[in-house]
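Engineer: Here you go, structure00.txt (compact mmCIF, C-alpha atoms and all ligand atoms):
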# COMPACT_ATOMS: atom_id res chain seq x y z
CA VAL A 1 9.64 13.78 -7.17
CA THR A 2 13.39 13.24 -7.54
CA GLN A 3 14.34 16.92 -7.33
CA ARG A 4 13.06 17.51 -3.81
CA VAL A 5 14.32 14.30 -2.26
CA ALA A 6 16.85 14.28 0.57
CA GLU A 7 20.34 13.48 -0.73
CA ASN A 8 20.56 9.99 0.81
CA LEU A 9 17.27 8.85 -0.75
CA ARG A 10 17.97 10.10 -4.28
CA PRO A 11 19.47 6.83 -5.64
CA LEU A 12 16.44 4.88 -4.37
CA VAL A 13 13.93 7.31 -5.83
CA ALA A 14 15.88 7.42 -9.10
CA ALA A 15 15.79 3.60 -9.24
CA ALA A 16 12.01 3.65 -8.69
CA ALA A 17 11.63 6.34 -11.38
CA ALA A 18 13.61 4.20 -13.83
CA VAL A 19 11.37 1.17 -13.18
CA GLY A 20 8.31 3.40 -13.53
CA GLU A 21 9.42 5.06 -16.75
CA GLN A 22 10.89 2.02 -18.48
CA VAL A 23 8.69 -0.86 -17.33
CA ALA A 24 5.63 -0.11 -15.17
CA GLY A 25 4.42 2.98 -17.05
CA PRO A 26 4.55 1.56 -20.58
CA LEU A 27 2.60 -1.52 -19.40
CA ALA A 28 0.14 0.34 -17.14
CA ALA A 29 -2.73 0.51 -19.64
CA ARG A 30 -2.46 -3.24 -20.27
CA THR A 31 -2.10 -4.00 -16.56
CA ASP A 32 -5.39 -2.14 -16.06
CA SER A 33 -7.38 -3.35 -19.05
CA GLU A 34 -6.46 -7.02 -18.58
CA ALA A 35 -6.48 -6.83 -14.74
CA ARG A 36 -3.04 -8.37 -15.04
CA TRP A 37 -0.57 -8.57 -12.13
CA PRO A 38 2.45 -6.37 -13.07
CA ALA A 39 4.99 -9.20 -13.26
CA GLU A 40 7.53 -7.31 -15.39
CA ALA A 41 7.52 -4.25 -13.12
CA MET A 42 7.85 -6.38 -9.98
CA ALA A 43 10.77 -8.26 -11.59
CA ALA A 44 12.39 -4.92 -12.44
CA LEU A 45 11.93 -3.76 -8.83
CA ALA A 46 13.59 -6.98 -7.65
CA GLU A 47 16.44 -6.40 -10.09
CA SER A 48 16.87 -2.81 -8.88
CA GLY A 49 17.32 -3.94 -5.27
CA LEU A 50 14.28 -2.00 -4.08
CA LEU A 51 12.53 -5.05 -2.62
CA GLY A 52 15.05 -4.79 0.22
CA LEU A 53 14.02 -1.23 1.13
CA HIS A 54 13.22 -2.18 4.76
CA VAL A 55 15.67 -5.05 5.16
CA PRO A 56 18.41 -4.07 7.63
CA VAL A 57 21.74 -3.18 6.01
CA ARG A 58 23.50 -6.12 7.73
CA PHE A 59 21.34 -8.53 5.70
CA GLY A 60 21.99 -6.76 2.41
CA GLY A 61 19.03 -4.35 2.42
CA HIS A 62 18.71 -0.57 2.52
CA GLY A 63 17.55 -0.32 6.15
CA GLN A 64 15.11 2.46 5.26
CA GLY A 65 11.94 3.58 7.00
CA LEU A 66 8.70 5.45 6.35
CA THR A 67 10.13 8.40 4.39
CA ALA A 68 11.75 6.19 1.76
CA LEU A 69 8.59 4.10 1.49
CA ALA A 70 6.40 7.16 0.87
CA TYR A 71 8.79 8.50 -1.78
CA VAL A 72 9.20 5.21 -3.64
CA CYS A 73 5.44 4.48 -3.65
CA GLU A 74 4.67 8.01 -4.85
CA THR A 75 7.22 7.69 -7.64
CA LEU A 76 5.92 4.31 -8.81
CA ALA A 77 2.25 5.34 -8.58
CA GLY A 78 2.88 8.21 -10.98
CA HIS A 79 3.44 5.48 -13.60
CA CYS A 80 1.33 2.54 -12.39
CA ALA A 81 -0.70 2.57 -9.18
CA SER A 82 -1.06 -1.22 -9.08
CA THR A 83 2.71 -1.65 -9.16
CA ALA A 84 3.03 0.87 -6.33
CA MET A 85 0.44 -1.01 -4.26
CA CYS A 86 2.02 -4.45 -4.82
CA PHE A 87 5.39 -2.95 -3.91
CA GLY A 88 3.85 -1.18 -0.90
CA MET A 89 2.27 -4.35 0.50
CA HIS A 90 5.55 -6.23 -0.01
CA SER A 91 7.34 -3.48 1.87
CA VAL A 92 4.90 -3.45 4.81
CA ALA A 93 5.12 -7.23 5.12
CA THR A 94 8.93 -7.00 4.98
CA ALA A 95 8.89 -4.43 7.79
CA VAL A 96 6.66 -6.74 9.86
CA ILE A 97 9.06 -9.67 9.30
CA ALA A 98 12.13 -7.53 10.03
CA ALA A 99 10.70 -6.07 13.26
CA LYS A 100 11.30 -9.19 15.37
CA ALA A 101 12.91 -11.65 12.96
CA THR A 102 14.60 -14.72 14.42
CA PRO A 103 18.00 -15.74 12.99
CA ASP A 104 16.19 -18.42 10.97
CA GLN A 105 13.71 -15.88 9.55
CA GLU A 106 16.59 -13.54 8.72
CA GLU A 107 18.13 -16.26 6.55
CA ARG A 108 14.90 -17.60 5.01
CA TYR A 109 13.19 -14.25 4.33
CA LEU A 110 15.24 -11.10 4.85
CA ARG A 111 18.36 -12.06 2.90
CA PRO A 112 16.39 -13.43 -0.10
CA ILE A 113 14.19 -10.31 -0.08
CA ALA A 114 17.28 -8.08 -0.18
CA LEU A 115 18.61 -10.12 -3.11
CA GLY A 116 15.33 -9.61 -4.98
CA ARG A 117 14.56 -13.33 -4.83
CA HIS A 118 11.55 -13.24 -2.54
CA LEU A 119 8.30 -11.29 -2.73
CA THR A 120 6.04 -11.11 0.29
CA THR A 121 2.71 -9.43 1.05
CA LEU A 122 0.06 -8.81 3.70
CA ALA A 123 -2.95 -11.03 4.35
CA LEU A 124 -4.79 -9.37 7.23
CA SER A 125 -8.31 -8.46 6.06
CA GLU A 126 -11.19 -10.90 6.36
CA THR A 127 -14.71 -10.69 5.04
CA ALA A 128 -15.97 -11.52 8.55
CA THR A 129 -14.52 -8.36 10.10
CA GLY A 130 -14.10 -6.09 7.05
CA ALA A 131 -12.23 -2.86 7.64
CA HIS A 132 -11.54 -3.91 11.26
CA PHE A 133 -8.50 -5.94 10.22
CA TYR A 134 -7.21 -6.04 13.79
CA TYR A 135 -10.00 -8.48 14.82
CA PRO A 136 -9.12 -11.57 12.79
CA ARG A 137 -11.32 -14.66 13.03
CA THR A 138 -8.67 -16.93 11.53
CA THR A 139 -7.71 -19.42 14.23
CA ALA A 140 -4.43 -21.16 14.94
CA GLU A 141 -4.37 -24.28 17.05
CA ARG A 142 -0.99 -24.93 18.64
CA ARG A 143 0.16 -28.50 18.06
CA ALA A 144 3.50 -30.25 18.43
CA ASP A 145 4.36 -29.90 14.72
CA GLY A 146 3.17 -26.30 14.32
CA TYR A 147 0.08 -24.07 14.18
CA VAL A 148 -2.93 -25.52 12.40
CA VAL A 149 -4.51 -22.48 10.80
CA THR A 150 -8.10 -22.22 9.58
CA GLY A 151 -9.78 -19.15 8.14
CA GLU A 152 -10.34 -16.96 5.13
CA LYS A 153 -8.46 -13.81 4.17
CA ALA A 154 -9.88 -11.24 1.72
CA PHE A 155 -8.20 -8.79 -0.67
CA VAL A 156 -4.71 -10.33 -0.44
CA THR A 157 -2.67 -8.08 -2.76
CA SER A 158 -0.28 -10.07 -4.98
CA GLY A 159 -2.45 -13.07 -4.04
CA GLY A 160 -1.17 -16.23 -5.71
CA GLN A 161 1.93 -14.35 -6.95
CA ALA A 162 3.95 -13.69 -3.79
CA ASP A 163 6.37 -16.18 -2.27
CA SER A 164 5.04 -15.64 1.26
CA TYR A 165 2.06 -14.11 3.09
CA VAL A 166 2.24 -12.32 6.44
CA LEU A 167 -1.05 -13.16 8.08
CA SER A 168 -2.86 -12.50 11.35
CA MET A 169 -4.50 -15.26 13.40
CA GLN A 170 -5.92 -15.90 16.84
CA ALA A 171 -3.49 -18.36 18.37
CA GLY A 172 -4.19 -20.67 21.31
CA GLU A 173 -6.61 -19.25 23.87
CA ALA A 174 -6.61 -15.76 22.35
CA GLN A 175 -9.71 -13.61 22.87
CA THR A 176 -11.29 -11.44 20.18
CA GLY A 177 -8.82 -8.70 19.30
CA GLU A 178 -5.80 -10.68 20.41
CA PHE A 179 -3.84 -11.97 17.46
CA SER A 180 -0.46 -13.12 16.36
CA CYS A 181 1.36 -12.66 13.09
CA ALA A 182 2.88 -15.54 11.14
CA ILE A 183 4.24 -16.29 7.68
CA ALA A 184 2.56 -18.70 5.31
CA ASP A 185 4.82 -19.81 2.46
CA ARG A 186 3.28 -20.07 -1.02
CA ASP A 187 3.49 -23.89 -0.91
CA ALA A 188 1.81 -24.16 2.51
CA GLY A 189 -1.41 -25.47 0.93
CA LEU A 190 -3.28 -22.17 0.43
CA HIS A 191 -6.50 -22.11 -1.61
CA TRP A 192 -7.12 -19.10 -3.84
CA GLY A 193 -10.44 -17.55 -4.80
CA GLU A 194 -11.38 -16.12 -8.16
CA ASP A 195 -9.25 -13.57 -10.02
CA TRP A 196 -9.35 -9.96 -8.82
CA ARG A 197 -11.65 -7.73 -10.86
CA GLY A 198 -11.40 -4.35 -9.13
CA LEU A 199 -12.95 -1.12 -10.34
CA GLY A 200 -9.43 0.30 -10.14
CA MET A 201 -6.10 -1.01 -8.87
CA ARG A 202 -6.84 -3.74 -11.35
CA GLY A 203 -3.31 -5.17 -11.48
CA ASN A 204 -3.25 -5.90 -7.74
CA SER A 205 -4.37 -9.54 -7.78
CA SER A 206 -6.08 -8.77 -4.43
CA ARG A 207 -7.62 -12.20 -4.05
CA ARG A 208 -9.38 -14.25 -1.41
CA MET A 209 -7.22 -16.83 0.37
CA ARG A 210 -8.60 -19.83 2.26
CA LEU A 211 -6.59 -21.69 4.88
CA ASP A 212 -8.14 -25.05 5.51
CA GLN A 213 -6.26 -26.60 8.45
CA VAL A 214 -2.94 -25.41 7.03
CA THR A 215 0.03 -26.31 9.24
CA LEU A 216 2.54 -23.51 9.72
CA PRO A 217 5.77 -24.48 11.50
CA HIS A 218 6.35 -22.83 14.89
CA CYS A 219 9.41 -21.11 13.41
CA ASN A 220 7.06 -19.08 11.13
CA LEU A 221 5.49 -17.23 14.07
CA LEU A 222 6.53 -13.56 14.10
CA GLY A 223 7.40 -12.26 17.55
CA SER A 224 5.44 -13.89 20.37
CA GLU A 225 1.87 -15.14 20.55
CA GLY A 226 -0.47 -12.21 21.21
CA ASP A 227 1.96 -9.50 20.03
CA GLN A 228 -0.90 -7.83 18.13
CA VAL A 229 -1.02 -4.35 19.63
CA TRP A 230 2.72 -3.92 19.27
CA TYR A 231 2.64 -5.00 15.61
CA VAL A 232 -0.47 -2.98 14.70
CA PHE A 233 0.69 0.35 16.05
CA GLU A 234 4.48 0.05 15.82
CA VAL A 235 4.77 -1.52 12.39
CA ILE A 236 1.63 -2.42 10.43
CA ALA A 237 -0.28 0.87 10.73
CA PRO A 238 2.63 3.29 10.12
CA PHE A 239 4.12 1.35 7.19
CA PHE A 240 0.72 0.49 5.68
CA ILE A 241 -0.44 4.09 5.94
CA MET A 242 2.75 5.52 4.45
CA ALA A 243 2.70 3.02 1.56
CA MET A 244 -0.86 4.02 0.76
CA ALA A 245 -0.38 7.74 1.39
CA GLY A 246 2.59 7.75 -0.99
CA THR A 247 0.73 5.73 -3.60
CA TYR A 248 -2.38 7.92 -3.62
CA LEU A 249 -0.30 11.07 -3.56
CA GLY A 250 1.40 9.78 -6.72
CA VAL A 251 -2.00 9.18 -8.30
CA ALA A 252 -3.17 12.72 -7.41
CA SER A 253 0.02 14.31 -8.64
CA ALA A 254 -0.15 12.46 -11.98
CA ALA A 255 -3.74 13.68 -12.47
CA VAL A 256 -2.72 17.32 -11.93
CA ASP A 257 0.16 16.93 -14.41
CA ILE A 258 -2.21 15.51 -17.01
CA ALA A 259 -4.64 18.41 -16.50
CA ILE A 260 -1.84 20.98 -16.90
CA GLN A 261 -0.58 19.34 -20.09
CA HIS A 262 -4.08 19.16 -21.50
CA LEU A 263 -4.93 22.79 -20.76
CA ARG A 264 -1.69 23.99 -22.35
CA GLY A 265 -2.15 21.89 -25.47
CA ARG A 266 -5.86 22.16 -26.20
CA VAL A 267 -6.45 25.10 -28.51
CA LEU A 268 -10.02 25.95 -29.51
CA ALA A 269 -10.30 26.96 -33.16
CA SER A 270 -13.01 29.44 -32.13
CA THR A 271 -10.64 31.52 -29.95
CA GLY A 272 -7.23 30.49 -31.30
CA GLU A 273 -6.04 30.20 -27.68
CA ALA A 274 -5.15 27.31 -25.43
CA LEU A 275 -7.62 26.56 -22.62
CA ALA A 276 -4.75 27.52 -20.28
CA HIS A 277 -5.68 31.16 -20.93
CA ALA A 278 -9.09 30.88 -19.26
CA ASP A 279 -9.05 32.54 -15.81
CA ALA A 280 -11.37 29.98 -14.25
CA LEU A 281 -9.17 27.09 -15.40
CA GLN A 282 -6.04 28.83 -14.13
CA GLN A 283 -7.71 29.06 -10.71
CA ARG A 284 -8.73 25.41 -10.87
CA VAL A 285 -5.15 24.35 -11.61
CA ALA A 286 -3.91 26.41 -8.65
CA GLU A 287 -6.48 24.77 -6.36
CA MET A 288 -5.56 21.26 -7.49
CA TRP A 289 -1.84 21.94 -7.17
CA LEU A 290 -2.26 23.49 -3.71
CA ASP A 291 -4.24 20.49 -2.49
CA VAL A 292 -1.56 18.07 -3.68
CA GLU A 293 1.32 20.14 -2.26
CA ARG A 294 -0.42 20.53 1.12
CA THR A 295 -0.93 16.79 1.31
CA ARG A 296 2.64 16.14 0.19
CA CYS A 297 3.94 18.33 3.04
CA LEU A 298 1.77 16.45 5.54
CA VAL A 299 2.86 13.03 4.23
CA ARG A 300 6.55 14.02 4.36
CA GLU A 301 6.24 15.47 7.86
CA ALA A 302 4.34 12.43 9.14
CA ALA A 303 6.99 10.10 7.68
CA ARG A 304 9.80 12.17 9.19
CA ALA A 305 8.12 12.22 12.60
CA GLY A 306 7.57 8.46 12.43
CA ASP A 307 11.15 7.74 11.42
CA GLU A 308 12.53 9.95 14.18
CA GLY A 309 10.24 8.47 16.84
CA ASP A 310 8.66 11.88 17.46
CA ALA A 311 6.09 11.69 20.27
CA ALA A 312 3.60 13.63 18.13
CA ALA A 313 3.93 11.28 15.14
CA LEU A 314 0.75 9.22 15.51
CA PRO A 315 -1.96 11.78 14.61
CA LEU A 316 0.23 13.01 11.75
CA ILE A 317 0.63 9.50 10.36
CA LEU A 318 -3.08 8.72 10.71
CA SER A 319 -3.98 12.02 9.02
CA ALA A 320 -1.55 11.45 6.15
CA LYS A 321 -3.73 8.73 4.64
CA ILE A 322 -6.97 10.67 5.28
CA ALA A 323 -5.48 13.58 3.35
CA ALA A 324 -3.94 11.46 0.58
CA ALA A 325 -7.27 9.68 0.01
CA ASP A 326 -9.25 12.95 -0.08
CA THR A 327 -6.68 14.56 -2.38
CA ALA A 328 -6.51 11.60 -4.76
CA VAL A 329 -10.29 11.46 -5.17
CA ALA A 330 -10.63 15.25 -5.48
CA ALA A 331 -7.65 15.75 -7.83
CA THR A 332 -8.62 12.99 -10.25
CA ASN A 333 -12.18 14.28 -10.28
CA ALA A 334 -11.15 17.90 -10.82
CA ALA A 335 -8.64 16.92 -13.50
CA MET A 336 -11.35 14.96 -15.31
CA SER A 337 -13.56 18.07 -15.35
CA ALA A 338 -10.68 20.26 -16.51
CA CYS A 339 -9.86 17.90 -19.36
CA GLY A 340 -13.50 17.74 -20.40
CA GLY A 341 -15.23 15.24 -22.64
CA ILE A 342 -11.98 14.40 -24.41
CA ALA A 343 -10.72 12.65 -21.25
CA TYR A 344 -14.04 10.92 -20.55
CA ARG A 345 -13.06 7.69 -22.29
CA GLU A 346 -12.74 4.26 -20.78
CA ASP A 347 -9.19 3.82 -22.08
CA ASP A 348 -7.96 7.25 -21.01
CA ARG A 349 -5.14 7.45 -18.46
CA LEU A 350 -7.09 9.91 -16.34
CA ALA A 351 -10.05 7.52 -16.21
CA ARG A 352 -7.69 4.85 -14.85
CA LEU A 353 -6.31 7.22 -12.22
CA LEU A 354 -9.84 8.19 -11.19
CA ARG A 355 -10.78 4.54 -10.68
CA ASP A 356 -7.47 3.81 -8.87
CA ALA A 357 -8.01 6.78 -6.55
CA ARG A 358 -11.43 5.53 -5.48
CA ALA A 359 -9.82 2.62 -3.57
CA ALA A 360 -8.02 5.05 -1.24
CA PRO A 361 -10.78 5.85 1.27
CA VAL A 362 -12.07 2.26 1.50
CA MET A 363 -8.74 0.53 2.01
CA SER A 364 -8.32 -0.10 5.68
CA PRO A 365 -7.58 1.76 7.85
CA THR A 366 -10.43 3.52 6.05
CA THR A 367 -10.96 7.26 6.25
CA GLU A 368 -13.67 6.76 8.92
CA LEU A 369 -11.44 4.57 11.10
CA LEU A 370 -8.49 6.93 10.76
CA LYS A 371 -10.57 9.91 11.86
CA LEU A 372 -11.79 7.90 14.85
CA TRP A 373 -8.24 6.91 15.80
CA ALA A 374 -6.81 10.40 15.25
CA GLY A 375 -9.59 11.98 17.30
CA ARG A 376 -9.15 9.51 20.15
CA THR A 377 -5.37 10.05 20.11
CA LEU A 378 -5.80 13.82 20.30
CA LEU A 379 -8.33 13.44 23.12
CA GLY A 380 -6.00 11.16 25.08
CA LEU A 381 -8.36 8.18 24.77
CA PRO A 382 -7.39 4.57 23.98
CA ILE A 383 -7.44 4.03 20.21
CA LEU A 384 -9.21 0.64 20.20
C1 LIG B 1 -7.63 -2.49 -3.90
C2 LIG B 1 -7.62 -3.08 -2.53
C3 LIG B 1 -6.46 -3.72 -2.07
C4 LIG B 1 -6.41 -4.29 -0.80
N1 LIG B 1 -5.27 -4.91 -0.39
C5 LIG B 1 -5.24 -5.52 0.83
C6 LIG B 1 -4.10 -6.29 1.25
O1 LIG B 1 -3.10 -6.40 0.53
N2 LIG B 1 -4.12 -6.90 2.45
C7 LIG B 1 -5.19 -6.80 3.28
O2 LIG B 1 -5.14 -7.37 4.37
N3 LIG B 1 -6.29 -6.10 2.93
C8 LIG B 1 -6.34 -5.47 1.72
N4 LIG B 1 -7.48 -4.79 1.32
C9 LIG B 1 -8.65 -4.79 2.20
C10 LIG B 1 -8.94 -3.44 2.83
O3 LIG B 1 -7.85 -3.01 3.60
C11 LIG B 1 -10.21 -3.49 3.68
O4 LIG B 1 -10.11 -4.49 4.65
C12 LIG B 1 -11.41 -3.78 2.86
O5 LIG B 1 -11.44 -2.90 1.76
C13 LIG B 1 -12.66 -3.61 3.70
O6 LIG B 1 -13.78 -3.79 2.83
P1 LIG B 1 -15.21 -4.23 3.40
O7 LIG B 1 -16.15 -4.13 2.24
O8 LIG B 1 -15.12 -5.53 4.10
O9 LIG B 1 -15.50 -3.06 4.43
P2 LIG B 1 -16.59 -2.95 5.62
O10 LIG B 1 -15.95 -3.35 6.91
O11 LIG B 1 -17.82 -3.68 5.19
O12 LIG B 1 -16.83 -1.40 5.67
C14 LIG B 1 -17.63 -0.69 4.69
C15 LIG B 1 -17.57 0.79 5.00
O13 LIG B 1 -18.12 1.02 6.32
C16 LIG B 1 -17.20 1.76 7.10
N5 LIG B 1 -17.23 1.28 8.49
C17 LIG B 1 -17.11 0.02 8.93
N6 LIG B 1 -17.20 -0.02 10.28
C18 LIG B 1 -17.37 1.25 10.69
C19 LIG B 1 -17.54 1.87 11.96
N7 LIG B 1 -17.56 1.17 13.10
N8 LIG B 1 -17.67 3.22 12.01
C20 LIG B 1 -17.67 3.95 10.87
N9 LIG B 1 -17.53 3.43 9.63
C21 LIG B 1 -17.37 2.09 9.56
C22 LIG B 1 -15.82 1.49 6.50
O14 LIG B 1 -14.94 2.56 6.79
C23 LIG B 1 -16.14 1.36 5.03
O15 LIG B 1 -16.12 2.62 4.42
C24 LIG B 1 -7.55 -4.21 0.04
C25 LIG B 1 -8.72 -3.58 -0.42
C26 LIG B 1 -8.76 -3.03 -1.68
C27 LIG B 1 -10.04 -2.37 -2.16
Would you mind writing the file's structure down as structure tokens?
Structural biologist:
Amino acid sequence: VTQRVAENLRPLVAAAAAVGEQVAGPLAARTDSEARWPAEAMAALAESGLLGLHVPVRFGGHGQGLTALAYVCETLAGHCASTAMCFGMHSVATAVIAAKATPDQEERYLRPIALGRHLTTLALSETATGAHFYYPRTTAERRADGYVVTGEKAFVTSGGQADSYVLSMQAGEAQTGEFSCAIADRDAGLHWGEDWRGLGMRGNSSRRMRLDQVTLPHCNLLGSEGDQVWYVFEVIAPFFIMAMAGTYLGVASAAVDIAIQHLRGRVLASTGEALAHADALQQRVAEMWLDVERTRCLVREAARAGDEGDAAALPLILSAKIAAADTAVAATNAAMSACGGIAYREDDRLARLLRDARAAPVMSPTTELLKLWAGRTLLGLPIL
């Protein structure tokens, strides 16, 4: 990844590569087998300064956007997809906080994040509305001392581990589909469900969170009540999609690398040649590589267009995750076939990547929703 990065992003990508190589990668098998949150890798990311990727420079951060996020997530995912996802969700939540932070929120959240002393995450999804995360049922009653919040969030990545949770809620007289974003601090009185036992992405700690009349101070509201459409399409969707597109691209790319290494090294005694000499396998490698490179170009272009405020950015951004999900599932599957029975082991790295990749299409915005939104955008129709 490092070699093709724009000059200004190289130190950030190199820092992510160092965390991946030295900490996240060596622990990845254990993170997966024990479904253990990657505490050491997240601490190393904090130490490296990368937690402040989207914190404005004036508060000590890097002031970066979608391109940097896609690169860093891709780099980390090549070593440990769970670490990339926990980092990605922290980064999206940071971008949501930074978008309309008050001076108080700048001091309480953005500066500590830039210093690597605060980890945040996203708590949007609910079992009640599933993939339609923009229709929260969590309610917030406005009282003199704050918002009294009641509801249940599902799949909260870094659940129970993060210092704060950016959540969505229907405040005041809001109708279905109108929501506000707010921050719940870890000591707000949150109740956590059972440990996360995913098929893949097993280090995520993507747990259920219950808010039972939890009081959030008014100063923890992000933006204004009912700011939902602005947050969803200006911040949440682009950052969320780029974090995931980068992560699943990293998974796909790692699978292709494993297949290439395997085919070069596996020599059959019967022929005396490496499998790399078989025409059909050479073609398969070219197909896998082409798929990954095509998706990488799309992800990069979508991130660039988003960062530059290009009017044509939206369908590119939406399509970036569709493509990354398809590529991750296809590449891990094809690599598994290319590596044969030898790779078909529960503790094999490729098996882990295959399971990690399978989360891509079902994480919201899911592939179905993204196609709907991209199609409506191209047809000039309202997205929701
Ligand atoms: C590993 C992992 C990590 C996650 N991390 C987070 C996180 O940090 N924060 C967070 O807020 N959420 C997170 N999520 C939740 C995720 O974003 C989705 O909200 C969740 O996976 C939806 O699951 P569901 O079973 O409720 O989907 P359902 O809503 O039940 O959908 C099931 C399937 O039906 C399809 N579908 C639903 N409605 C329609 C429709 N109208 N038209 C066509 N197809 C439709 C969906 O695309 C999906 O494929 C995570 C999920 C996973 C798996």
Engineer: Step by step, measure atom-to-atom distances between ligand LIG 1 (chain B) and each residue using only C-alpha atoms and all ligand atoms, keep those at most 6 Å, then write them as a ChimeraX atom specification.
Structural biologist: /A:89,122-125,127,130-131,133,155-157,201,206,359,362-364,366,368-369
Engineer: Using only C-alpha atoms, what residues lie at most 9 Å away from (-7.0, -25.8, 11.0) (file coordinates), given as a PDB file with C-alpha atoms, in the coordinates of the input?
Structural biologist:
ATOM      1  CA  THR A 139      -7.710 -19.420  14.230  1.00  0.00           C
ATOM      2  CA  ALA A 140      -4.430 -21.160  14.940  1.00  0.00           C
ATOM      3  CA  GLU A 141      -4.370 -24.280  17.050  1.00  0.00           C
ATOM      4  CA  TYR A 147       0.080 -24.070  14.180  1.00  0.00           C
ATOM      5  CA  VAL A 148      -2.930 -25.520  12.400  1.00  0.00           C
ATOM      6  CA  VAL A 149      -4.510 -22.480  10.800  1.00  0.00           C
ATOM      7  CA  THR A 150      -8.100 -22.220   9.580  1.00  0.00           C
ATOM      8  CA  GLY A 151      -9.780 -19.150   8.140  1.00  0.00           C
ATOM      9  CA  LEU A 211      -6.590 -21.690   4.880  1.00  0.00           C
ATOM     10  CA  ASP A 212      -8.140 -25.050   5.510  1.00  0.00           C
ATOM     11  CA  GLN A 213      -6.260 -26.600   8.450  1.00  0.00           C
ATOM     12  CA  VAL A 214      -2.940 -25.410   7.030  1.00  0.00           C
ATOM     13  CA  THR A 215       0.030 -26.310   9.240  1.00  0.00           C
TER      14      THR A 215
END
Engineer: Skip Ala98 of chain A itself and residues of its chain fewer than 4 positions away, then list as a ChimeraX atom specification all residues within 9 Å of it, counting only C-alpha atoms.
Structural biologist: /A:54-56,93-94,102,105-106,109-110
Engineer: Residues at most 6 Å from segment 17-22 of chain A, counting all atoms listed in the file, excluding those fewer than 6 positions away in the same chain, as a PDB file with C-alpha atoms, keeping the file's coordinate frame?
Structural biologist:
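Now in selection.pdb:
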ATOM      1  CA  THR A  75       7.220   7.690  -7.640  1.00  0.00           C
ATOM      2  CA  LEU A  76       5.920   4.310  -8.810  1.00  0.00           C
ATOM      3  CA  HIS A  79       3.440   5.480 -13.600  1.00  0.00           C
TER       4      HIS A  79
END
Engineer: At what distance in Å, to one decimal, does atom CA of Ser91 of chain A lie from atom CA of Met242 of chain A?
Structural biologist: 10.4 Å
Engineer: Atom CA of Val329 of chain A and atom CA of Ala302 of chain A are how many Å apart?
Structural biologist: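 Separation of atom CA of Val329 of chain A and atom CA of Ala302 of chain A: 20.5 Å.
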Engineer: Atom CA of His191 of chain A and atom CA of Arg210 of chain A, how far apart in Å?
Structural biologist: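 Atom CA of His191 of chain A lies at a distance of 5.0 Å from atom CA of Arg210 of chain A.
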Engineer: Skipping near chain neighbours, those fewer than 6 positions away, what residues fall within 12 Å of Trp230 of chain A using all atoms listed in the file, listed as a list in words?
Structural biologist: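 Skipping anything fewer than 6 positions along the chain leaves Val96, Ala99, Lys100, Tyr134, Glu178, Phe179, Ser180, Cys181, Leu222, Gly223, Ser224, Ile236, Ala237 and Pro238 of chain A.
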Engineer: Excluding Gly250 of chain A and its own-chain neighbours fewer than 2 positions away, which residues fall within 10 Å of it when counting all atoms listed in the file? Please give them as a CSV table (one decimal) with C-alpha atoms, in the frame of the given file.
Structural biologist:
chain,number,residue,atom,x,y,z
A,1,VAL,CA,9.6,13.8,-7.2
A,70,ALA,CA,6.4,7.2,0.9
A,71,TYR,CA,8.8,8.5,-1.8
A,72,VAL,CA,9.2,5.2,-3.6
A,73,CYS,CA,5.4,4.5,-3.6
A,74,GLU,CA,4.7,8.0,-4.8
A,75,THR,CA,7.2,7.7,-7.6
A,76,LEU,CA,5.9,4.3,-8.8
A,77,ALA,CA,2.2,5.3,-8.6
A,78,GLY,CA,2.9,8.2,-11.0
A,79,HIS,CA,3.4,5.5,-13.6
A,80,CYS,CA,1.3,2.5,-12.4
A,81,ALA,CA,-0.7,2.6,-9.2
A,84,ALA,CA,3.0,0.9,-6.3
A,244,MET,CA,-0.9,4.0,0.8
A,245,ALA,CA,-0.4,7.7,1.4
A,246,GLY,CA,2.6,7.8,-1.0
A,247,THR,CA,0.7,5.7,-3.6
A,248,TYR,CA,-2.4,7.9,-3.6
A,252,ALA,CA,-3.2,12.7,-7.4
A,253,SER,CA,0.0,14.3,-8.6
A,254,ALA,CA,-0.2,12.5,-12.0
A,255,ALA,CA,-3.7,13.7,-12.5
A,292,VAL,CA,-1.6,18.1,-3.7
A,296,ARG,CA,2.6,16.1,0.2
A,324,ALA,CA,-3.9,11.5,0.6
A,328,ALA,CA,-6.5,11.6,-4.8
A,353,LEU,CA,-6.3,7.2,-12.2
A,357,ALA,CA,-8.0,6.8,-6.6
Engineer: For Val229 of chain A, which of A:Cys86, A:Ala39, A:Ile258, A:Ile383 is the closest residue, counting all atoms listed in the file?
Structural biologist: A:Ile383
Engineer: Report as a list in words all protein, DNA and RNA residues lying within 12 Å of Leu372 of chain A, evaluated on only C-alpha atoms, omitting residues in the same chain fewer than 3 positions from it.
Structural biologist: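 Counting only C-alpha atoms, the residues come to Pro315, Leu318, Ser319, Ile322, Pro365, Thr366, Thr367, Glu368, Leu369, Gly375, Arg376, Thr377, Leu378, Leu379, Leu381, Pro382, Ile383 and Leu384 of chain A.
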Engineer: Between A:Asp145, A:Gly306, A:Val256, A:Thr83, which residue has the minimum interatomic distance to Leu290 of chain A, considering all atoms listed in the file?
Structural biologist: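 That would be A:Val256, the residue with the smallest distance to Leu290 of chain A.
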